[in-house]
$ cat query-v4.txt   # compact mmCIF, C-alpha atoms
# COMPACT_ATOMS: atom_id res chain seq x y z
CA MET A 1 0.00 0.00 0.00
CA PRO A 2 1.58 3.29 -1.00
CA ALA A 3 1.87 6.29 1.29
CA THR A 4 -1.20 8.52 1.47
CA PRO A 5 -1.20 12.05 0.02
CA GLU A 6 -1.33 13.38 3.59
CA GLN A 7 1.77 11.39 4.50
CA MET A 8 3.62 12.58 1.41
CA HIS A 9 2.66 16.14 2.29
CA LEU A 10 4.25 15.63 5.71
CA VAL A 11 7.34 14.17 4.05
CA ARG A 12 7.68 17.24 1.83
CA ARG A 13 7.19 19.57 4.81
CA ALA A 14 9.85 17.68 6.76
CA LEU A 15 12.24 17.90 3.82
CA ASP A 16 11.60 21.63 3.74
CA GLY A 17 12.83 21.83 7.35
CA ASP A 18 9.64 21.33 9.37
CA LYS A 19 10.77 18.73 11.89
CA ARG A 20 7.41 18.70 13.60
CA ALA A 21 5.98 17.29 10.37
CA PHE A 22 8.25 14.28 10.73
CA GLU A 23 7.08 13.75 14.32
CA ILE A 24 3.47 13.85 13.14
CA LEU A 25 4.32 11.42 10.35
CA VAL A 26 5.79 8.76 12.65
CA ASP A 27 3.60 9.26 15.72
CA PRO A 28 0.81 6.81 14.75
CA SER A 29 3.44 4.07 14.38
CA LEU A 30 5.39 4.63 17.59
CA ASP A 31 3.66 2.07 19.81
CA ARG A 32 3.89 -0.67 17.19
CA LEU A 33 7.48 0.23 16.34
CA TYR A 34 8.40 0.08 20.00
CA ALA A 35 6.78 -3.35 20.31
CA LEU A 36 8.74 -4.47 17.26
CA ALA A 37 12.00 -3.06 18.63
CA HIS A 38 11.36 -4.71 21.98
CA SER A 39 10.58 -8.06 20.43
CA LEU A 40 13.82 -7.97 18.46
CA ALA A 41 16.14 -6.24 20.93
CA GLY A 42 14.91 -8.24 23.91
CA ASN A 43 14.72 -5.59 26.61
CA PRO A 44 12.96 -2.22 27.12
CA ASP A 45 16.04 -0.02 27.45
CA ASP A 46 17.64 -1.29 24.29
CA ALA A 47 14.27 -1.08 22.52
CA ALA A 48 13.92 2.64 23.29
CA ASP A 49 17.48 3.36 22.24
CA VAL A 50 17.26 1.39 19.04
CA LEU A 51 13.90 2.92 18.14
CA GLN A 52 15.25 6.44 18.53
CA ASP A 53 18.29 5.55 16.45
CA ALA A 54 16.05 4.03 13.80
CA LEU A 55 13.79 7.09 13.66
CA LEU A 56 16.79 9.39 13.29
CA LYS A 57 18.00 7.17 10.45
CA ALA A 58 14.57 7.42 8.89
CA TYR A 59 14.67 11.21 9.21
CA ARG A 60 18.09 11.40 7.58
CA ALA A 61 16.92 9.09 4.79
CA LEU A 62 13.58 10.80 4.35
CA GLY A 63 14.66 12.21 1.01
CA SER A 64 14.87 8.72 -0.40
CA PHE A 65 11.32 7.82 0.64
CA ARG A 66 9.34 7.92 -2.57
CA GLY A 67 5.99 6.90 -1.18
CA SER A 68 5.68 3.73 -3.20
CA SER A 69 5.42 1.75 0.05
CA ASP A 70 3.53 2.21 3.28
CA VAL A 71 5.19 4.60 5.78
CA HIS A 72 4.75 2.14 8.63
CA GLY A 73 6.27 -0.71 6.62
CA TRP A 74 9.20 1.52 5.65
CA LEU A 75 9.79 2.43 9.30
CA CYS A 76 9.52 -1.25 10.31
CA ARG A 77 12.26 -2.12 7.84
CA ILE A 78 14.54 0.57 9.28
CA VAL A 79 13.87 -0.61 12.85
CA ARG A 80 14.61 -4.19 11.87
CA ASN A 81 17.84 -3.26 10.09
CA THR A 82 18.92 -1.06 13.00
CA VAL A 83 18.41 -3.90 15.45
CA LEU A 84 20.33 -6.27 13.23
CA ASP A 85 23.14 -3.77 12.86
CA GLU A 86 23.44 -2.84 16.50
CA PHE A 87 22.47 -5.89 18.47
CA LYS A 88 24.31 -9.01 17.56
CA ARG A 89 23.42 -12.05 19.49
CA ALA A 90 26.78 -12.21 21.20
CA SER A 91 26.33 -8.78 22.69
CA ARG A 92 22.85 -9.28 24.02
CA ARG A 93 22.49 -9.21 27.74
CA HIS A 94 21.70 -12.44 29.45
CA GLU A 95 20.41 -12.83 32.97
CA GLU A 96 22.11 -15.19 35.32
CA PRO A 97 20.53 -18.64 35.34
CA VAL A 98 18.01 -19.38 38.04
CA ASP A 99 19.65 -21.81 40.40
CA GLN A 100 16.92 -22.27 42.95
CA VAL A 101 13.99 -24.31 41.66
CA PRO A 102 11.16 -25.06 44.04
CA GLU A 103 9.45 -28.30 44.75
CA ARG A 104 6.14 -28.69 43.01
CA PRO A 105 3.77 -26.85 45.32
CA GLY A 106 0.12 -27.49 46.00
CA GLY A 107 -1.47 -24.37 47.53
CA SER A 108 -2.49 -21.17 45.79
CA LEU A 109 0.25 -19.02 47.34
CA GLU A 110 2.75 -21.65 46.44
CA ARG A 111 1.31 -21.72 42.92
CA GLN A 112 1.85 -17.98 42.62
CA LEU A 113 5.44 -18.39 43.70
CA GLU A 114 5.79 -21.28 41.29
CA ASP A 115 4.43 -19.21 38.41
CA LYS A 116 6.70 -16.32 39.26
CA GLN A 117 9.77 -18.49 39.28
CA LEU A 118 8.72 -20.42 36.20
CA GLY A 119 8.19 -17.04 34.55
CA GLU A 120 11.80 -16.16 35.21
CA VAL A 121 12.93 -19.43 33.68
CA VAL A 122 10.79 -18.81 30.60
CA ARG A 123 12.02 -15.22 30.26
CA GLU A 124 15.56 -16.47 30.35
CA ALA A 125 14.75 -18.98 27.62
CA VAL A 126 12.97 -16.33 25.53
CA ASP A 127 15.97 -14.04 25.82
CA ALA A 128 18.19 -16.84 24.56
CA LEU A 129 16.11 -17.32 21.41
CA SER A 130 17.50 -16.05 18.15
CA ASP A 131 16.15 -12.72 16.89
CA LYS A 132 14.30 -14.54 14.12
CA LEU A 133 12.35 -16.65 16.58
CA ARG A 134 11.95 -14.19 19.45
CA GLY A 135 10.39 -11.49 17.28
CA PRO A 136 7.34 -13.45 16.08
CA LEU A 137 6.88 -15.06 19.50
CA LEU A 138 6.75 -11.81 21.45
CA LEU A 139 4.70 -10.02 18.82
CA TYR A 140 2.10 -12.80 18.86
CA ASP A 141 1.96 -14.04 22.43
CA LEU A 142 2.94 -10.89 24.30
CA GLU A 143 1.81 -8.04 22.07
CA GLY A 144 -1.24 -9.75 20.63
CA TYR A 145 -0.64 -9.05 16.94
CA ASP A 146 -2.10 -11.57 14.51
CA TYR A 147 -0.17 -13.54 11.92
CA GLN A 148 -0.85 -11.05 9.13
CA GLU A 149 0.20 -8.02 11.16
CA ILE A 150 3.43 -9.74 12.13
CA ALA A 151 4.07 -10.70 8.52
CA THR A 152 3.84 -7.01 7.61
CA MET A 153 5.99 -5.83 10.50
CA LEU A 154 8.73 -8.36 9.85
CA ASP A 155 8.39 -8.40 6.07
CA LEU A 156 7.75 -12.15 6.04
CA ASN A 157 5.12 -14.26 4.40
CA LEU A 158 2.35 -15.78 6.49
CA GLY A 159 3.77 -19.30 6.34
CA THR A 160 7.14 -18.14 7.61
CA VAL A 161 5.51 -16.34 10.54
CA LYS A 162 3.68 -19.53 11.55
CA SER A 163 6.78 -21.61 11.07
CA ARG A 164 8.96 -19.34 13.18
CA LEU A 165 6.32 -19.08 15.88
CA ASN A 166 6.12 -22.84 15.94
CA ARG A 167 9.87 -23.21 16.11
CA ALA A 168 10.13 -20.60 18.86
CA ARG A 169 7.67 -22.44 21.07
CA GLU A 170 9.25 -25.81 20.43
CA SER A 171 12.64 -24.31 21.08
CA LEU A 172 11.43 -22.93 24.43
CA ARG A 173 9.91 -26.27 25.33
CA GLN A 174 13.08 -28.11 24.44
CA THR A 175 15.25 -25.61 26.31
CA LEU A 176 13.17 -26.06 29.43
CA LEU A 177 13.10 -29.83 29.14
CA ASP A 178 16.84 -29.91 28.50
CA ARG A 179 17.46 -28.23 31.82
CA LYS A 180 17.01 -31.65 33.38
CA ASP A 181 15.99 -30.00 36.60
CA ARG A 182 12.82 -30.12 38.61
CA TRP A 183 11.13 -27.67 36.27
CA ALA A 184 11.57 -30.07 33.39
CA ALA A 185 10.06 -32.93 35.36
CA TRP A 186 7.28 -30.67 36.57
CA LEU A 187 6.46 -29.47 33.05
CA GLU A 188 6.46 -32.98 31.65
CA GLY A 189 4.22 -34.14 34.46
CA ARG A 190 1.54 -31.50 34.00
CA THR A 191 -1.70 -32.65 32.49
CA ASP A 192 -3.96 -29.72 33.25
CA GLY A 193 -4.70 -26.86 30.90
CA LEU A 194 -5.34 -28.87 27.78
CA PRO A 195 -6.69 -26.66 25.04
CA THR A 196 -10.29 -27.01 24.16
CA GLY A 197 -9.90 -25.70 20.59
CA MET B 1 -2.35 -39.24 12.33
CA ASP B 2 0.40 -40.43 14.68
CA CYS B 3 2.59 -38.54 17.15
CA ARG B 4 5.35 -37.96 14.61
CA GLN B 5 2.90 -36.25 12.28
CA ALA B 6 1.08 -34.38 15.00
CA GLU B 7 3.99 -32.93 16.98
CA PRO B 8 5.16 -30.34 14.42
CA LEU B 9 1.59 -29.02 14.25
CA LEU B 10 0.82 -28.77 17.95
CA ALA B 11 2.19 -25.26 18.53
CA THR B 12 0.11 -23.81 15.70
CA TRP B 13 -2.99 -25.80 16.74
CA LEU B 14 -2.56 -24.23 20.17
CA ASP B 15 -3.43 -20.83 18.71
CA GLY B 16 -7.02 -21.91 18.29
CA PRO B 17 -9.56 -22.82 15.64
CA GLY B 18 -8.64 -21.77 12.13
CA CYS B 19 -4.94 -21.23 12.79
CA LEU B 20 -3.95 -24.63 11.51
CA GLY B 21 -6.97 -25.06 9.31
CA GLY B 22 -8.22 -27.82 7.07
CA ILE B 23 -8.18 -31.51 7.72
CA GLU B 24 -4.97 -31.20 9.74
CA GLU B 25 -6.79 -29.24 12.40
CA VAL B 26 -9.44 -31.93 12.77
CA GLU B 27 -6.87 -34.71 12.83
CA VAL B 28 -4.63 -33.01 15.38
CA GLU B 29 -7.59 -32.36 17.63
CA ALA B 30 -8.61 -35.99 17.50
CA HIS B 31 -5.08 -37.18 18.08
CA VAL B 32 -4.46 -34.91 21.08
CA ALA B 33 -7.71 -36.06 22.65
CA ALA B 34 -6.59 -39.67 22.39
CA CYS B 35 -2.84 -39.43 23.00
CA ALA B 36 -1.52 -38.82 26.52
CA SER B 37 1.97 -38.00 25.27
CA CYS B 38 0.81 -35.31 22.86
CA GLY B 39 -1.61 -34.10 25.51
CA ARG B 40 1.35 -33.45 27.82
CA HIS B 41 3.22 -31.85 24.93
CA VAL B 42 0.36 -29.43 24.33
CA SER B 43 0.02 -28.78 28.03
CA THR B 44 3.69 -27.84 28.24
CA LEU B 45 3.39 -25.53 25.24
CA ARG B 46 0.34 -23.92 26.78
CA THR B 47 2.10 -23.38 30.09
CA ILE B 48 4.98 -21.73 28.27
CA GLN B 49 2.56 -19.60 26.26
CA GLU B 50 0.83 -18.48 29.44
CA GLN B 51 4.17 -17.52 30.93
CA VAL B 52 5.13 -15.51 27.84
CA ARG B 53 1.76 -13.75 27.92
CA ALA B 54 2.33 -12.95 31.60
CA MET B 55 5.65 -11.26 30.90
CA PRO B 56 5.61 -7.51 31.47
CA LYS B 57 4.29 -5.90 28.28
CA PRO B 58 6.61 -3.10 27.32
CA ALA B 59 5.07 0.31 26.81
CA LEU B 60 6.62 3.19 24.94
CA PRO B 61 8.49 5.16 27.62
CA GLU B 62 6.62 8.31 28.62
CA ASP B 63 9.54 10.55 27.80
CA PHE B 64 10.24 8.92 24.43
CA ARG B 65 8.52 11.61 22.36
CA ARG B 66 10.32 14.39 24.26
CA LYS B 67 13.68 12.71 23.76
CA LEU B 68 12.95 12.16 20.07
CA HIS B 69 11.96 15.82 19.73
CA LEU B 70 15.27 16.92 21.30
CA ALA B 71 17.27 14.49 19.18
CA LEU B 72 15.57 15.75 16.01
CA ALA B 73 16.29 19.34 16.99
CA ALA B 74 19.99 18.54 16.82
CA GLU B 75 19.69 16.97 13.38
CA PRO B 76 20.37 18.94 10.20
CA VAL B 77 17.55 19.03 7.69
CA PRO B 78 17.91 15.93 5.52
CA VAL B 79 19.46 16.44 2.12
CA ARG B 80 17.28 15.49 -0.77
CA PRO B 81 19.04 12.98 -3.00
CA TRP B 82 19.45 14.01 -6.58
CA HIS B 83 16.70 11.85 -7.90
CA VAL B 84 14.30 13.27 -5.33
CA ARG B 85 15.26 16.80 -6.26
CA LEU B 86 14.53 15.90 -9.83
CA LEU B 87 11.17 14.52 -8.87
CA SER B 88 10.21 17.02 -6.20
CA GLY B 89 6.72 18.26 -6.84
CA LEU B 90 6.54 16.41 -10.11
CA ASN B 91 3.02 15.60 -11.09
CA LEU B 92 3.84 12.87 -13.52
CA PRO B 93 0.50 12.31 -15.22
CA SER B 94 -0.10 15.98 -15.92
CA LEU B 95 3.45 16.43 -17.08
CA ALA B 96 3.22 13.47 -19.38
CA LEU B 97 -0.07 14.60 -20.81
CA GLY B 98 1.01 18.22 -21.04
CA ALA B 99 4.09 17.34 -22.96
CA ALA B 100 2.16 14.77 -24.96
CA SER B 101 5.25 12.74 -24.90
CA ALA B 102 6.81 10.12 -22.73
CA ALA B 103 9.74 7.80 -22.95
CA ALA B 104 10.54 4.75 -20.98
CA LEU B 105 13.25 2.17 -20.67
CA THR B 106 13.54 -0.86 -18.52
CA PHE B 107 16.43 -2.70 -16.94
CA PHE B 108 16.07 -6.33 -16.16
CA LEU B 109 18.75 -6.76 -13.57
CA TRP B 110 20.55 -9.99 -12.96
CA ARG B 111 18.06 -11.94 -14.92
CA PRO B 112 18.88 -13.43 -18.29
CA PRO B 113 18.88 -12.58 -21.11
CA GLY B 114 19.72 -9.24 -19.62
CA PRO B 115 19.70 -6.43 -22.18
CA GLY B 116 17.65 -3.36 -21.43
CA ILE B 117 14.39 -3.11 -23.29
CA VAL B 118 13.13 0.14 -24.71
CA LEU B 119 9.41 0.25 -24.15
CA GLU B 120 8.57 3.55 -25.72
CA ALA B 121 10.32 6.58 -27.12
CA THR B 122 8.53 9.55 -28.64
CA ALA B 123 9.63 13.04 -29.50
CA VAL B 124 9.58 16.13 -27.31
CA PRO B 125 9.50 19.66 -28.78
CA VAL B 126 12.31 22.09 -27.97
CA GLY B 127 11.61 23.90 -24.70
CA GLN B 128 9.14 21.36 -23.42
CA ASP B 129 9.51 18.84 -20.64
CA VAL B 130 9.07 15.12 -20.74
CA ALA B 131 9.01 12.44 -18.08
CA VAL B 132 11.47 9.69 -18.82
CA GLN B 133 10.46 6.62 -16.90
CA VAL B 134 13.33 4.40 -15.94
CA ALA B 135 12.05 1.05 -14.75
CA PHE B 136 14.05 -1.53 -12.86
CA GLU B 137 12.92 -5.08 -12.31
CA VAL B 138 14.56 -7.50 -9.91
CA GLN B 139 13.58 -10.87 -8.56
CA GLU B 140 14.62 -10.14 -4.99
CA ASP B 141 15.42 -7.10 -2.87
CA VAL B 142 18.76 -5.59 -3.82
CA ARG B 143 20.54 -3.18 -1.49
CA ASP B 144 23.33 -0.70 -2.08
CA VAL B 145 22.68 -0.10 -5.74
CA THR B 146 24.24 2.87 -7.53
CA PHE B 147 22.14 4.61 -10.16
CA ASP B 148 23.61 6.88 -12.77
CA VAL B 149 21.74 8.83 -15.44
CA ARG B 150 23.57 10.96 -18.02
CA LEU B 151 22.11 13.40 -20.52
CA PRO B 152 23.65 14.63 -23.79
CA GLU B 153 23.92 18.36 -24.53
CA GLY B 154 20.54 18.47 -26.24
CA LEU B 155 18.69 17.63 -23.04
CA ARG B 156 18.61 19.05 -19.53
CA PHE B 157 17.34 17.86 -16.19
CA VAL B 158 14.54 19.92 -14.67
CA ASP B 159 13.01 19.66 -11.24
CA GLY B 160 9.34 19.23 -10.48
CA ARG B 161 8.75 22.98 -10.64
CA GLY B 162 10.17 23.14 -14.12
CA ARG B 163 13.41 24.79 -13.03
CA ASP B 164 16.63 23.97 -14.87
CA LEU B 165 19.23 21.88 -13.10
CA PRO B 166 22.77 22.53 -14.31
CA GLU B 167 24.17 19.00 -13.98
CA SER B 168 24.25 16.72 -16.99
CA GLN B 169 24.76 13.63 -14.86
CA VAL B 170 23.13 12.52 -11.61
CA THR B 171 24.21 9.64 -9.40
CA TRP B 172 22.55 8.32 -6.30
CA GLN B 173 22.55 5.33 -4.02
CA GLY B 174 19.47 3.33 -3.23
CA GLU B 175 17.87 -0.04 -3.08
CA LEU B 176 15.51 -1.96 -5.30
CA ARG B 177 12.57 -3.80 -3.87
CA LYS B 178 11.52 -7.09 -5.36
CA GLY B 179 9.48 -6.55 -8.50
CA ARG B 180 9.33 -3.42 -10.57
CA THR B 181 10.50 0.02 -9.51
CA VAL B 182 9.82 2.97 -11.77
CA VAL B 183 11.82 6.18 -11.38
CA PRO B 184 10.41 9.05 -13.45
CA ILE B 185 12.93 11.73 -14.35
CA ALA B 186 11.98 15.04 -15.87
CA VAL B 187 14.08 16.35 -18.75
CA ARG B 188 13.71 19.26 -21.16
CA GLY B 189 14.49 19.34 -24.83
CA LEU B 190 17.10 22.04 -25.55
CA GLN B 191 18.20 21.49 -29.12
CA PRO B 192 16.67 19.62 -32.03
CA GLY B 193 18.21 16.24 -32.69
CA ARG B 194 18.18 12.61 -31.65
CA TRP B 195 19.70 12.55 -28.20
CA GLU B 196 20.77 9.45 -26.34
CA ILE B 197 20.11 9.16 -22.61
CA THR B 198 22.37 6.74 -20.74
CA ALA B 199 21.22 4.99 -17.59
CA VAL B 200 23.59 2.80 -15.60
CA VAL B 201 22.94 0.71 -12.55
CA ARG B 202 25.72 -0.92 -10.55
CA LYS B 203 25.66 -3.56 -7.88
CA ASP B 204 29.12 -4.66 -6.77
CA ARG B 205 30.80 -5.77 -10.00
CA SER B 206 27.60 -6.15 -11.91
CA ILE B 207 26.87 -3.25 -14.24
CA ARG B 208 23.94 -2.72 -16.57
CA GLU B 209 23.92 0.15 -19.01
CA THR B 210 20.97 1.04 -21.18
CA HIS B 211 20.46 3.80 -23.73
CA ILE B 212 17.36 5.42 -25.04
CA VAL B 213 17.10 7.81 -27.93
CA LEU B 214 14.86 10.76 -27.28
CA PRO B 215 14.16 12.89 -30.38
CA VAL B 216 13.82 16.63 -29.82
CA THR B 217 11.88 18.40 -32.51
CA GLY B 218 12.25 22.03 -33.42
CA ASP B 219 8.63 23.05 -33.40
CA GLY B 220 8.07 23.54 -29.67
CA THR B 221 7.50 26.70 -27.71
CA ARG B 222 9.07 27.26 -24.31
CA GLN B 223 6.58 26.80 -21.52
CA VAL B 224 6.52 28.98 -18.45
CA PRO B 225 8.40 27.21 -15.65
CA GLY B 226 6.12 25.99 -12.92
CA LYS B 227 3.00 25.74 -15.04
CA GLN B 228 3.34 22.05 -15.63
CA GLY B 229 4.86 21.04 -12.35
CA GLY B 230 3.17 19.53 -9.35
CA ASP B 231 1.69 20.84 -6.16
CA ALA B 232 4.83 21.39 -4.11
$ encode --input "query-v4.txt" --output "C-alpha cells"
Amino acid sequence: MPATPEQMHLVRRALDGDKRAFEILVDPSLDRLYALAHSLAGNPDDAADVLQDALLKAYRALGSFRGSSDVHGWLCRIVRNTVLDEFKRASRRHEEPVDQVPERPGGSLERQLEDKQLGEVVREAVDALSDKLRGPLLLYDLEGYDYQEIATMLDLNLGTVKSRLNRARESLRQTLLDRKDRWAAWLEGRTDGLPTG
Amino acid sequence: MDCRQAEPLLATWLDGPGCLGGIEEVEVEAHVAACASCGRHVSTLRTIQEQVRAMPKPALPEDFRRKLHLALAAEPVPVRPWHVRLLSGLNLPSLALGAASAAALTFFLWRPPGPGIVLEATAVPVGQDVAVQVAFEVQEDVRDVTFDVRLPEGLRFVDGRGRDLPESQVTWQGELRKGRTVVPIAVRGLQPGRWEITAVVRKDRSIRETHIVLPVTGDGTRQVPGKQGGDA
C-alpha cells in the first residue's frame, strides 16, 4: 500500500525543514514500532534506544522515501535493520541462570510463587532465542498481533511467521526440558490446561 | 495421524480454531484427545505460552517523544538525493499529458537474457519537458545499488517545478525492492536532434547500461516554468 497524500505532504514539509511534520508522520506508528524493537532487541532499554536511532536514520533518509510503500512498513524495515546492525546475538544481555527451583507446590500461594519463578525461567529462555524466533513469538503471544500483522511488521510471508512461531515455542519447550531439573520434570508431568480448541 | 505427524503441528494448533486449518486441524484435535503423550506436549506448550503472555508488556516510555523531539532538533535538515530533487513536486500524469510525450526504458537486472528493453520513445519539442520513466525489475530485494543517469547536450534535467538543473549527470545510491521500480525523471528538450540518454545501474561488480534515444523536434514553444509542475 503506497503512502497517502497526507503522509507525502508531511514528508515534503519535513524535507523543507519542518521537523514537527516528521514527528506527526511517525507518531501513529510509535507504539507498534516500539513493540517491534522490543521483540527484536529483547529488553525495554535497548528497545527505546534502538527505536530512537532508527527514527533518526529514517529522518536522515527521508529524502529517499518515494511513497511507493507504506510509511509504517518503511519504518519497520529501518527498525529491523537497525536492530540487526546494533544488536548481535553475542552482545545481548543475558540474565544469570536461576539456580533455585522449588518443589512442586500445591497451595495457591505456592502456585503464585511457582508461576513467578517459572516465569523467570521462561524469560531467560525467551531471551536466549534467536532474533528470528523471538520477534514473532513476542509479537504474537505478548503483544497480541495476529499472523498477518506480524508478517507485515517483519516483512515475512504468512507461512514463515507460523513456522517461526512454531519453532520458537518448540525451542522454548526443548530448552526447558533440557534443563534436566525439577522444572523439566514438573512441566512434563503436568496434564492440566489442555486446550479445548 | 500419529505422534510424529502431530507434533510439528501442535504449537500452531494451540493458537485456536482456524490457525492450523483444514483436515490437519481436525486430525490433530482428534489425536491430542486420544494421546496422553501429545496431551502433555500441548500442556507444556500452553504453560509456556501463558508464561510468555504474563511477561511484562513493554510500553513506549513516557519521555520517548520528548527525547525524540530533542534528538531531532539537533539533526540537520535531511538532504534530498538528486533523484528526489529531480522529482520534487513532479506531477507525472499531468506532465506526461502536457508534454504529450513520454519515454521509458527498462532494466532487467541480474536476470537473463539481460539487455535493457526500450518500451517507448517519442519526441519532445524544444523547450518542453518530458518524463522519462526508468524502470528496474529485480527478482529479490537488492541493497546498495548505484544509479547513474547521463544526458547529452541536447537535453537538460529539470526539477518538479520546471526549473533547470545545471548538472548533466546525476548519481545516487538506493535499493531496489523485489518486483518493478519505476523512477520518473523530468528532462527538457534544448536542441533539435536525436539525443541518447544513458542509464547505468551498478551492484558490486555487476553493471547494466541502457540507452534510449529521445528525439527533440524544433517546433516547440518554451513553456513557463512551474506551469506544468506539481503541487509542491
$ closest_residue --input "query-v4.txt" --among "B:Leu72, B:Val138, B:Val158, B:Ile197" --to "Arg177 (chain B)" --atoms "all atoms listed in the file"
B:Val138
$ interface_residues --input "query-v4.txt" --of "chain B" --to "chain A" --cutoff "9 Å" --atoms "all atoms listed in the file" --output "ChimeraX atom specification"
/B:8-17,19,29,36,39-61,64-65,67-69,71-73,75-81,83-85,88-89,174,181,232
$ atom_distance --input "query-v4.txt" --atom1 "CA of Ala3 (chain A)" --atom2 "CA of Ile24 (chain A)"
14.1 Å
$ atom_distance --input "query-v4.txt" --atom1 "CA of Val200 (chain B)" --atom2 "CA of Ala131 (chain B)"
17.7 Å
$ atom_distance --input "query-v4.txt" --atom1 "CA of Thr217 (chain B)" --atom2 "CA of Leu190 (chain B)"
9.4 Å
$ residues_around --input "query-v4.txt" --residues "Glu86 (chain A)" --least-positions-apart "3" --cutoff "12 Å" --atoms "only C-alpha atoms" --output "count of residues only"
20
$ axis_aligned_box --input "query-v4.txt" --around "region 151-167 of chain A" --padding-each-side "5 Å" --output "AutoDock Vina command-line options"
--center_x 6.1 --center_y -14.5 --center_z 10.3 --size_x 17.5 --size_y 27.4 --size_z 21.7
$ closest_residue --input "query-v4.txt" --among "B:Ala135, B:Ala74, B:Ile207, B:Ile23" --to "Gly179 (chain B)" --atoms "all atoms listed in the file"
B:Ala135
$ closest_residue --input "query-v4.txt" --among "B:Leu70, B:Val187, B:Val134, B:Leu176" --to "Ile212 (chain B)" --atoms "only C-alpha atoms"
B:Val134
$ residues_around --input "query-v4.txt" --residues "region 168-170 of chain B" --least-positions-apart "2" --cutoff "9 Å" --atoms "all atoms listed in the file" --output "compact mmCIF listing (two decimals) with C-alpha atoms, keeping the file's coordinate frame"
# COMPACT_ATOMS: atom_id res chain seq x y z
CA TRP B 82 19.45 14.01 -6.58
CA HIS B 83 16.70 11.85 -7.90
CA PHE B 147 22.14 4.61 -10.16
CA ASP B 148 23.61 6.88 -12.77
CA VAL B 149 21.74 8.83 -15.44
CA ARG B 150 23.57 10.96 -18.02
CA LEU B 151 22.11 13.40 -20.52
CA PRO B 152 23.65 14.63 -23.79
CA GLU B 153 23.92 18.36 -24.53
CA LEU B 155 18.69 17.63 -23.04
CA ARG B 156 18.61 19.05 -19.53
CA PHE B 157 17.34 17.86 -16.19
CA LEU B 165 19.23 21.88 -13.10
CA PRO B 166 22.77 22.53 -14.31
CA TRP B 172 22.55 8.32 -6.30
